[in-house]
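Raw contents of final.pdb, PDB, C-alpha atoms and all ligand atoms:
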```pdb
ATOM      1  CA  MET A   6      25.311  -9.590  10.069
ATOM      2  CA  GLU A   7      22.774  -6.937   9.063
ATOM      3  CA  ASN A   8      20.787  -5.769  12.062
ATOM      4  CA  LEU A   9      17.489  -4.129  11.094
ATOM      5  CA  ALA A  10      15.543  -1.420  12.866
ATOM      6  CA  ILE A  11      11.941  -1.234  11.675
ATOM      7  CA  PHE A  12      10.307   2.179  12.036
ATOM      8  CA  ALA A  13       6.491   2.144  11.976
ATOM      9  CA  SER A  14       3.678   4.406  13.131
ATOM     10  CA  GLY A  15       0.639   2.149  13.250
ATOM     11  CA  THR A  16      -0.594  -1.360  12.660
ATOM     12  CA  GLY A  17       2.678  -2.885  11.611
ATOM     13  CA  SER A  18       1.407  -5.603   9.295
ATOM     14  CA  ASN A  19       4.443  -5.070   7.061
ATOM     15  CA  ALA A  20       6.738  -5.086  10.080
ATOM     16  CA  LYS A  21       5.225  -8.426  11.088
ATOM     17  CA  LYS A  22       5.830  -9.927   7.639
ATOM     18  CA  ILE A  23       9.424  -8.732   7.683
ATOM     19  CA  ILE A  24      10.078 -10.190  11.133
ATOM     20  CA  GLU A  25       8.582 -13.527  10.075
ATOM     21  CA  TYR A  26      10.421 -13.581   6.755
ATOM     22  CA  PHE A  27      13.828 -13.102   8.362
ATOM     23  CA  GLU A  28      13.289 -15.575  11.195
ATOM     24  CA  GLY A  29      16.338 -17.829  11.179
ATOM     25  CA  HIS A  30      17.975 -15.898   8.313
ATOM     26  CA  PRO A  31      21.761 -16.435   8.338
ATOM     27  CA  ASN A  32      22.747 -12.780   7.954
ATOM     28  CA  ILE A  33      19.743 -10.473   8.286
ATOM     29  CA  ARG A  34      18.094 -10.016  11.658
ATOM     30  CA  PRO A  35      15.357  -7.601  12.810
ATOM     31  CA  ARG A  36      16.475  -6.220  16.187
ATOM     32  CA  LEU A  37      14.489  -3.141  17.038
ATOM     33  CA  ILE A  38      11.027  -1.625  16.524
ATOM     34  CA  VAL A  39      10.931   2.164  16.565
ATOM     35  CA  SER A  40       7.663   4.097  16.674
ATOM     36  CA  ASN A  41       6.575   7.706  17.006
ATOM     37  CA  ASN A  42       3.384   6.484  18.678
ATOM     38  CA  ALA A  43       3.503   4.911  22.146
ATOM     39  CA  SER A  44       0.161   3.166  21.584
ATOM     40  CA  ALA A  45       0.926   1.831  18.092
ATOM     41  CA  PRO A  46      -0.017  -1.856  17.746
ATOM     42  CA  VAL A  47       3.346  -2.439  16.028
ATOM     43  CA  LEU A  48       5.099  -2.195  19.409
ATOM     44  CA  ALA A  49       3.415  -5.416  20.538
ATOM     45  CA  LEU A  50       5.523  -7.186  17.909
ATOM     46  CA  ALA A  51       8.641  -6.243  19.812
ATOM     47  CA  GLU A  52       7.224  -7.987  22.890
ATOM     48  CA  SER A  53       6.078 -11.083  21.042
ATOM     49  CA  HIS A  54       9.287 -11.522  19.052
ATOM     50  CA  GLY A  55      11.804 -10.506  21.686
ATOM     51  CA  LEU A  56      12.991  -7.377  19.870
ATOM     52  CA  GLY A  57      14.031  -4.061  21.344
ATOM     53  CA  GLN A  58      11.607  -1.166  21.193
ATOM     54  CA  LEU A  59      11.923   2.571  21.184
ATOM     55  CA  VAL A  60       9.287   5.314  21.243
ATOM     56  CA  LEU A  61      10.332   8.584  19.643
ATOM     57  CA  LYS A  62       9.565  12.027  21.001
ATOM     58  CA  ARG A  63       9.180  14.639  18.292
ATOM     59  CA  ALA A  64      11.366  17.248  20.007
ATOM     60  CA  SER A  65      14.356  14.991  20.440
ATOM     61  CA  PHE A  66      13.911  13.214  17.070
ATOM     62  CA  TYR A  67      14.176  16.538  15.252
ATOM     63  CA  GLY A  68      16.156  18.531  17.801
ATOM     64  CA  SER A  69      19.007  16.186  18.731
ATOM     65  CA  GLU A  70      20.936  13.252  17.343
ATOM     66  CA  ALA A  71      20.441  11.109  20.454
ATOM     67  CA  LEU A  72      18.658   8.455  18.402
ATOM     68  CA  LEU A  73      21.918   7.632  16.615
ATOM     69  CA  GLU A  74      23.436   6.511  19.926
ATOM     70  CA  GLU A  75      20.445   4.252  20.573
ATOM     71  CA  LEU A  76      20.719   2.734  17.103
ATOM     72  CA  LYS A  77      24.433   2.232  17.627
ATOM     73  CA  ALA A  78      23.798   0.550  20.983
ATOM     74  CA  HIS A  79      21.575  -1.972  19.166
ATOM     75  CA  LYS A  80      24.218  -2.314  16.398
ATOM     76  CA  ILE A  81      21.678  -1.280  13.761
ATOM     77  CA  THR A  82      23.161  -1.421  10.259
ATOM     78  CA  PHE A  83      19.995  -0.955   8.219
ATOM     79  CA  VAL A  84      16.733   0.955   8.708
ATOM     80  CA  VAL A  85      13.372  -0.075   7.275
ATOM     81  CA  LEU A  86      10.494   2.407   7.220
ATOM     82  CA  ALA A  87       7.310   0.338   7.176
ATOM     83  CA  GLY A  88       4.426   2.763   7.475
ATOM     84  CA  PHE A  89       6.452   5.406   9.313
ATOM     85  CA  LEU A  90       4.789   8.780   8.867
ATOM     86  CA  TRP A  91       7.341  11.294  10.105
ATOM     87  CA  LEU A  92       9.816  12.866   7.697
ATOM     88  CA  VAL A  93      13.306  11.509   8.430
ATOM     89  CA  PRO A  94      15.677  14.298   9.552
ATOM     90  CA  PRO A  95      18.937  14.890   7.637
ATOM     91  CA  TYR A  96      21.244  13.550  10.389
ATOM     92  CA  LEU A  97      19.501  10.174  10.209
ATOM     93  CA  VAL A  98      19.431  10.075   6.400
ATOM     94  CA  GLY A  99      23.150  10.905   6.443
ATOM     95  CA  ALA A 100      24.016   8.234   8.997
ATOM     96  CA  TYR A 101      22.208   5.519   7.000
ATOM     97  CA  LYS A 102      22.887   6.670   3.452
ATOM     98  CA  SER A 103      21.941   3.848   1.058
ATOM     99  CA  ARG A 104      21.066   1.911   4.214
ATOM    100  CA  MET A 105      17.484   3.054   4.707
ATOM    101  CA  VAL A 106      14.454   1.985   2.691
ATOM    102  CA  ASN A 107      10.809   3.009   2.700
ATOM    103  CA  ILE A 108       7.693   1.372   1.379
ATOM    104  CA  HIS A 109       5.111   3.480  -0.398
ATOM    105  CA  PRO A 110       1.639   2.240  -1.377
ATOM    106  CA  ALA A 111       1.669   3.476  -4.989
ATOM    107  CA  LEU A 112       3.823   3.447  -8.097
ATOM    108  CA  LEU A 113       6.201   6.347  -7.429
ATOM    109  CA  PRO A 114       6.808   8.960  -8.720
ATOM    110  CA  LYS A 115       3.024   9.024  -8.962
ATOM    111  CA  PHE A 116       1.043   9.714  -5.793
ATOM    112  CA  GLY A 117       3.964  10.500  -3.508
ATOM    113  CA  GLY A 118       4.974  13.457  -1.372
ATOM    114  CA  GLN A 119       3.775  15.116   1.783
ATOM    115  CA  GLY A 120       0.258  14.112   2.819
ATOM    116  CA  MET A 121       0.338  11.056   0.556
ATOM    117  CA  TYR A 122       0.098   8.155   2.962
ATOM    118  CA  GLY A 123      -2.292   5.317   3.682
ATOM    119  CA  MET A 124      -5.863   5.752   2.431
ATOM    120  CA  ASN A 125      -5.105   9.261   1.089
ATOM    121  CA  VAL A 126      -3.010   7.595  -1.584
ATOM    122  CA  HIS A 127      -5.677   5.086  -2.575
ATOM    123  CA  ARG A 128      -8.392   7.767  -2.704
ATOM    124  CA  ALA A 129      -6.184   9.886  -4.960
ATOM    125  CA  VAL A 130      -5.453   6.918  -7.219
ATOM    126  CA  LYS A 131      -9.175   6.198  -7.524
ATOM    127  CA  ALA A 132     -10.042   9.854  -8.143
ATOM    128  CA  ALA A 133      -7.443  10.021 -10.918
ATOM    129  CA  GLY A 134      -9.095   7.068 -12.682
ATOM    130  CA  GLU A 135      -5.883   5.027 -12.744
ATOM    131  CA  GLN A 136      -6.090   1.543 -14.225
ATOM    132  CA  GLU A 137      -3.212   0.209 -12.191
ATOM    133  CA  THR A 138      -1.424   0.924  -8.963
ATOM    134  CA  GLY A 139       1.081  -0.896  -6.799
ATOM    135  CA  MET A 140       3.846  -0.582  -4.257
ATOM    136  CA  THR A 141       7.316   0.913  -4.335
ATOM    137  CA  VAL A 142      10.380   0.171  -2.219
ATOM    138  CA  HIS A 143      12.883   3.016  -2.407
ATOM    139  CA  LEU A 144      15.951   4.416  -0.707
ATOM    140  CA  VAL A 145      15.264   7.264   1.685
ATOM    141  CA  ASN A 146      16.626  10.740   1.098
ATOM    142  CA  GLU A 147      15.675  14.057   2.633
ATOM    143  CA  ALA A 148      12.434  14.549   0.677
ATOM    144  CA  TYR A 149       9.280  12.483   1.052
ATOM    145  CA  ASP A 150       9.174   9.565  -1.412
ATOM    146  CA  GLU A 151      11.956  10.798  -3.699
ATOM    147  CA  GLY A 152      14.864   8.398  -3.149
ATOM    148  CA  ALA A 153      15.996   5.920  -5.802
ATOM    149  CA  VAL A 154      13.466   3.222  -6.566
ATOM    150  CA  LEU A 155      14.679  -0.300  -5.747
ATOM    151  CA  PHE A 156      11.601  -2.370  -6.494
ATOM    152  CA  GLN A 157       8.022  -1.997  -7.716
ATOM    153  CA  ALA A 158       5.108  -4.391  -8.131
ATOM    154  CA  SER A 159       1.790  -3.476  -9.683
ATOM    155  CA  CYS A 160      -1.811  -4.643  -9.754
ATOM    156  CA  PRO A 161      -4.781  -3.756 -11.962
ATOM    157  CA  ILE A 162      -7.642  -1.594 -10.718
ATOM    158  CA  ALA A 163     -11.150  -2.570 -11.791
ATOM    159  CA  GLU A 164     -13.616   0.201 -12.508
ATOM    160  CA  THR A 165     -15.751  -1.015  -9.619
ATOM    161  CA  ASP A 166     -12.875  -1.054  -7.095
ATOM    162  CA  THR A 167     -13.330   1.277  -4.136
ATOM    163  CA  PRO A 168     -10.331   2.909  -2.427
ATOM    164  CA  GLU A 169     -10.676   0.189   0.229
ATOM    165  CA  ASP A 170     -10.448  -2.523  -2.461
ATOM    166  CA  ILE A 171      -7.365  -0.835  -3.866
ATOM    167  CA  ALA A 172      -5.832  -0.662  -0.390
ATOM    168  CA  ARG A 173      -6.352  -4.404   0.074
ATOM    169  CA  LYS A 174      -4.691  -5.231  -3.253
ATOM    170  CA  VAL A 175      -1.709  -3.002  -2.536
ATOM    171  CA  LEU A 176      -1.236  -4.318   0.992
ATOM    172  CA  ALA A 177      -1.186  -7.874  -0.384
ATOM    173  CA  LEU A 178       1.616  -6.860  -2.772
ATOM    174  CA  GLU A 179       3.508  -5.204   0.070
ATOM    175  CA  HIS A 180       3.250  -8.319   2.220
ATOM    176  CA  GLN A 181       4.473 -10.467  -0.629
ATOM    177  CA  TYR A 182       7.370  -8.368  -1.893
ATOM    178  CA  PHE A 183       8.731  -5.994   0.742
ATOM    179  CA  ALA A 184      10.882  -8.437   2.720
ATOM    180  CA  PRO A 185      12.310 -10.203  -0.376
ATOM    181  CA  ALA A 186      13.125  -6.778  -1.868
ATOM    182  CA  ILE A 187      15.079  -5.883   1.288
ATOM    183  CA  GLU A 188      16.863  -9.224   1.193
ATOM    184  CA  SER A 189      17.881  -8.925  -2.433
ATOM    185  CA  TYR A 190      19.036  -5.321  -1.974
ATOM    186  CA  LEU A 191      21.226  -6.310   0.972
ATOM    187  CA  GLN A 192      22.572  -9.394  -0.760
ATOM    188  CA  ASN A 193      23.478  -7.502  -3.927
ATOM    189  CA  LYS A 194      25.069  -4.766  -1.850
ATOM    190  CA  SER A 195      27.452  -7.141  -0.116
ATOM    191  CA  SER A 196      28.323  -9.268  -3.136
TER     192      SER A 196
HETATM  193  C1  LIG A 201       1.515   0.556   4.161
HETATM  194  O1  LIG A 201       0.542   0.393   3.169
HETATM  195  C2  LIG A 201       2.600   1.500   3.678
HETATM  196  O2  LIG A 201       2.839   1.418   2.297
HETATM  197  C3  LIG A 201       2.023   2.831   4.039
HETATM  198  O3  LIG A 201       1.446   2.649   5.297
HETATM  199  C4  LIG A 201       0.931   1.313   5.368
HETATM  200  C5  LIG A 201       1.350   0.719   6.689
HETATM  201  O4  LIG A 201       0.672  -0.466   6.914
HETATM  202  N1  LIG A 201       3.037   3.846   4.042
HETATM  203  C6  LIG A 201       2.831   5.081   3.637
HETATM  204  O5  LIG A 201       1.748   5.471   3.248
HETATM  205  C7  LIG A 201       4.052   5.994   3.685
HETATM  206  N2  LIG A 201       3.880   7.130   2.847
HETATM  207  P1  LIG A 201       1.126  -1.461   8.077
HETATM  208  O6  LIG A 201       1.272  -0.629   9.350
HETATM  209  O7  LIG A 201      -0.011  -2.432   8.202
HETATM  210  O8  LIG A 201       2.409  -2.099   7.657
END
```

Could you spell out this file's structure in structure tokens?
Amino acid sequence: MENLAIFASGTGSNAKKIIEYFEGHPNIRPRLIVSNNASAPVLALAESHGLGQLVLKRASFYGSEALLEELKAHKITFVVLAGFLWLVPPYLVGAYKSRMVNIHPALLPKFGGQGMYGMNVHRAVKAAGEQETGMTVHLVNEAYDEGAVLFQASCPIAETDTPEDIARKVLALEHQYFAPAIESYLQNKSS
């Protein structure tokens, strides 16, 4: 059984899709929601779906490895970053090597790196006059948005699209493809 921890900082619409997608799945089960923000709406999903929840404190996230014990206690085998905005420290990357994925709202390697998250990405894409954008699912390493790409999906950008229009298109792709990309990665890994 693969037990997922979903790390998220905000709304959690991707987290919600993932939880729904894996409901009743024979060997992949979301178990825990982890957030750096005690008032993040994503934590309500833990309540409504009977999952564990954990709120991170910056000092202990970066200054100790206590989180690993918590993840072990929940038997977490795989970590999903779904709108999680803190850089993952090396001890956590090391503990979940090839077992941690992130979603990014652009076609990496374009429009990635520090400061490139949420609407910042879509504004940059618009400002660059791109004709397409999309979403990327990638493995997590120690640098922002640089791990191996596992899956990408793209969508066209019309000249009249605003950054908000672009954000809507990309989020729709994320909702459609993130959970299946996780499933196929895990299935190929174990076969
Ligand atoms: C998603 O669009 C995700 O790609 C992005 O945050 C959003 C979270 O939305 N992540 C990043 O920008 C990371 N660099 P959600 O909370 O509704 O799932």

task = For CA of Ala71 (chain A) and CA of Leu48 (chain A), determine how far apart the two atoms are, in Å to one decimal place.
result = 20.3 Å

Hey, which bits of chain A sit within 9 Å of ligand LIG 201 (chain A), and for each residue what's the closest pair of atoms and how far apart in Å (one decimal), counting only C-alpha atoms and all ligand atoms, rows by chain and increasing number, as JSON lines?
```
{"residue": "A:Ala13", "atom": "CA", "partner": "A:LIG201", "partner_atom": "O6", "distance": 6.5}
{"residue": "A:Ser14", "atom": "CA", "partner": "A:LIG201", "partner_atom": "O6", "distance": 6.7}
{"residue": "A:Gly15", "atom": "CA", "partner": "A:LIG201", "partner_atom": "O6", "distance": 4.8}
{"residue": "A:Thr16", "atom": "CA", "partner": "A:LIG201", "partner_atom": "O6", "distance": 3.9}
{"residue": "A:Gly17", "atom": "CA", "partner": "A:LIG201", "partner_atom": "O6", "distance": 3.5}
{"residue": "A:Ser18", "atom": "CA", "partner": "A:LIG201", "partner_atom": "O7", "distance": 3.6}
{"residue": "A:Asn19", "atom": "CA", "partner": "A:LIG201", "partner_atom": "O8", "distance": 3.6}
{"residue": "A:Ala20", "atom": "CA", "partner": "A:LIG201", "partner_atom": "O8", "distance": 5.8}
{"residue": "A:Lys21", "atom": "CA", "partner": "A:LIG201", "partner_atom": "O8", "distance": 7.7}
{"residue": "A:Lys22", "atom": "CA", "partner": "A:LIG201", "partner_atom": "O8", "distance": 8.5}
{"residue": "A:Pro46", "atom": "CA", "partner": "A:LIG201", "partner_atom": "O6", "distance": 8.6}
{"residue": "A:Val47", "atom": "CA", "partner": "A:LIG201", "partner_atom": "O6", "distance": 7.2}
{"residue": "A:Leu86", "atom": "CA", "partner": "A:LIG201", "partner_atom": "C7", "distance": 8.2}
{"residue": "A:Ala87", "atom": "CA", "partner": "A:LIG201", "partner_atom": "O8", "distance": 5.5}
{"residue": "A:Gly88", "atom": "CA", "partner": "A:LIG201", "partner_atom": "O3", "distance": 3.7}
{"residue": "A:Phe89", "atom": "CA", "partner": "A:LIG201", "partner_atom": "C7", "distance": 6.1}
{"residue": "A:Leu90", "atom": "CA", "partner": "A:LIG201", "partner_atom": "C7", "distance": 5.9}
{"residue": "A:Trp91", "atom": "CA", "partner": "A:LIG201", "partner_atom": "C7", "distance": 9.0}
{"residue": "A:Asn107", "atom": "CA", "partner": "A:LIG201", "partner_atom": "C7", "distance": 7.5}
{"residue": "A:Ile108", "atom": "CA", "partner": "A:LIG201", "partner_atom": "O2", "distance": 4.9}
{"residue": "A:His109", "atom": "CA", "partner": "A:LIG201", "partner_atom": "O2", "distance": 4.1}
{"residue": "A:Pro110", "atom": "CA", "partner": "A:LIG201", "partner_atom": "O2", "distance": 4.0}
{"residue": "A:Ala111", "atom": "CA", "partner": "A:LIG201", "partner_atom": "O2", "distance": 7.7}
{"residue": "A:Gly117", "atom": "CA", "partner": "A:LIG201", "partner_atom": "N2", "distance": 7.2}
{"residue": "A:Gly118", "atom": "CA", "partner": "A:LIG201", "partner_atom": "N2", "distance": 7.7}
{"residue": "A:Gln119", "atom": "CA", "partner": "A:LIG201", "partner_atom": "N2", "distance": 8.1}
{"residue": "A:Gly120", "atom": "CA", "partner": "A:LIG201", "partner_atom": "N2", "distance": 7.9}
{"residue": "A:Met121", "atom": "CA", "partner": "A:LIG201", "partner_atom": "N2", "distance": 5.8}
{"residue": "A:Tyr122", "atom": "CA", "partner": "A:LIG201", "partner_atom": "O5", "distance": 3.2}
{"residue": "A:Gly123", "atom": "CA", "partner": "A:LIG201", "partner_atom": "O5", "distance": 4.1}
{"residue": "A:Met124", "atom": "CA", "partner": "A:LIG201", "partner_atom": "O5", "distance": 7.7}
{"residue": "A:Asn125", "atom": "CA", "partner": "A:LIG201", "partner_atom": "O5", "distance": 8.1}
{"residue": "A:Val126", "atom": "CA", "partner": "A:LIG201", "partner_atom": "O5", "distance": 7.1}
{"residue": "A:Met140", "atom": "CA", "partner": "A:LIG201", "partner_atom": "O2", "distance": 6.9}
{"residue": "A:Thr141", "atom": "CA", "partner": "A:LIG201", "partner_atom": "O2", "distance": 8.0}
{"residue": "A:Val142", "atom": "CA", "partner": "A:LIG201", "partner_atom": "O2", "distance": 8.9}
{"residue": "A:Tyr149", "atom": "CA", "partner": "A:LIG201", "partner_atom": "N2", "distance": 7.8}
{"residue": "A:Asp150", "atom": "CA", "partner": "A:LIG201", "partner_atom": "N2", "distance": 7.2}
{"residue": "A:Ala172", "atom": "CA", "partner": "A:LIG201", "partner_atom": "O1", "distance": 7.4}
{"residue": "A:Arg173", "atom": "CA", "partner": "A:LIG201", "partner_atom": "O1", "distance": 9.0}
{"residue": "A:Val175", "atom": "CA", "partner": "A:LIG201", "partner_atom": "O1", "distance": 7.0}
{"residue": "A:Leu176", "atom": "CA", "partner": "A:LIG201", "partner_atom": "O1", "distance": 5.5}
{"residue": "A:Glu179", "atom": "CA", "partner": "A:LIG201", "partner_atom": "O2", "distance": 7.0}
{"residue": "A:His180", "atom": "CA", "partner": "A:LIG201", "partner_atom": "O8", "distance": 8.3}
```

query = Need the neighbours of (8.9, -9.0, 1.4): which residues are at most 10 Å away, counting only C-alpha atoms, as a ChimeraX atom specification?
reply = /A:19-20,22-27,142,178-189

Selected residue, from A:Ile38, A:Pro161, A:Asn32, A:Phe116, that lies nearest to Ser53 (chain A) when counting all atoms listed in the file =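 Between A:Ile38, A:Pro161, A:Asn32, A:Phe116, the residue approaching Ser53 (chain A) most closely is A:Ile38.
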
task = Please write the residues picked by the PyMOL selection byres (((chain A and resi 131) around 12) and not hetatm) on this file as a PyMOL selection string.
result = chain A and resi 111+116+124-130+132-138+161-172

key: Pairwise distance for CA of Gly29 (chain A) and CA of Ala158 (chain A), rounded to one decimal in Å   =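 These two atoms are separated by 26.1 Å.
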
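Note that CA of Glu151 (chain A) and CA of Lys174 (chain A) are 23.1 Å apart.
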
If you apply the PyMOL selection byres (((chain A and resi 106) around 6) and not hetatm) to this file, what residues do you get, as a PDB file with C-alpha atoms, keeping the file's coordinate frame?
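Saved file part_15.pdb follows:
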```pdb
ATOM      1  CA  VAL A  85      13.372  -0.075   7.275  1.00  0.00           C
ATOM      2  CA  MET A 105      17.484   3.054   4.707  1.00  0.00           C
ATOM      3  CA  ASN A 107      10.809   3.009   2.700  1.00  0.00           C
ATOM      4  CA  HIS A 143      12.883   3.016  -2.407  1.00  0.00           C
ATOM      5  CA  LEU A 144      15.951   4.416  -0.707  1.00  0.00           C
ATOM      6  CA  VAL A 145      15.264   7.264   1.685  1.00  0.00           C
TER       7      VAL A 145
END
```

key: Evaluate the PyMOL selection byres (((chain A and resi 96) around 10) and not hetatm) and report residues as a list of chain:residue names   = A:Phe66, A:Tyr67, A:Ser69, A:Glu70, A:Leu72, A:Leu73, A:Val93, A:Pro94, A:Pro95, A:Leu97, A:Val98, A:Gly99, A:Ala100, A:Tyr101, A:Lys102, A:Glu147

key: Val39 (chain A) surroundings by all atoms listed in the file, 7 Å radius, close-in-sequence under 6 positions cut, as a PyMOL selection string   = chain A and resi 10-13+58-60

key: Nearest-residue call for Tyr190 (chain A), choices A:Ser103, A:Asn146, A:Ser159, A:Asn8, using only C-alpha atoms   =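 Among the listed residues, the smallest separation from Tyr190 (chain A) belongs to A:Ser103.
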
Centre and edge lengths of an axis-aligned box around all listed atoms of region 119-129 of chain A, with 3 Å added on each side, are to be given in Å to one decimal, as AutoDock Vina command-line options.
```
--center_x -2.3 --center_y 10.1 --center_z -0.6 --size_x 18.2 --size_y 16.0 --size_z 14.6
```
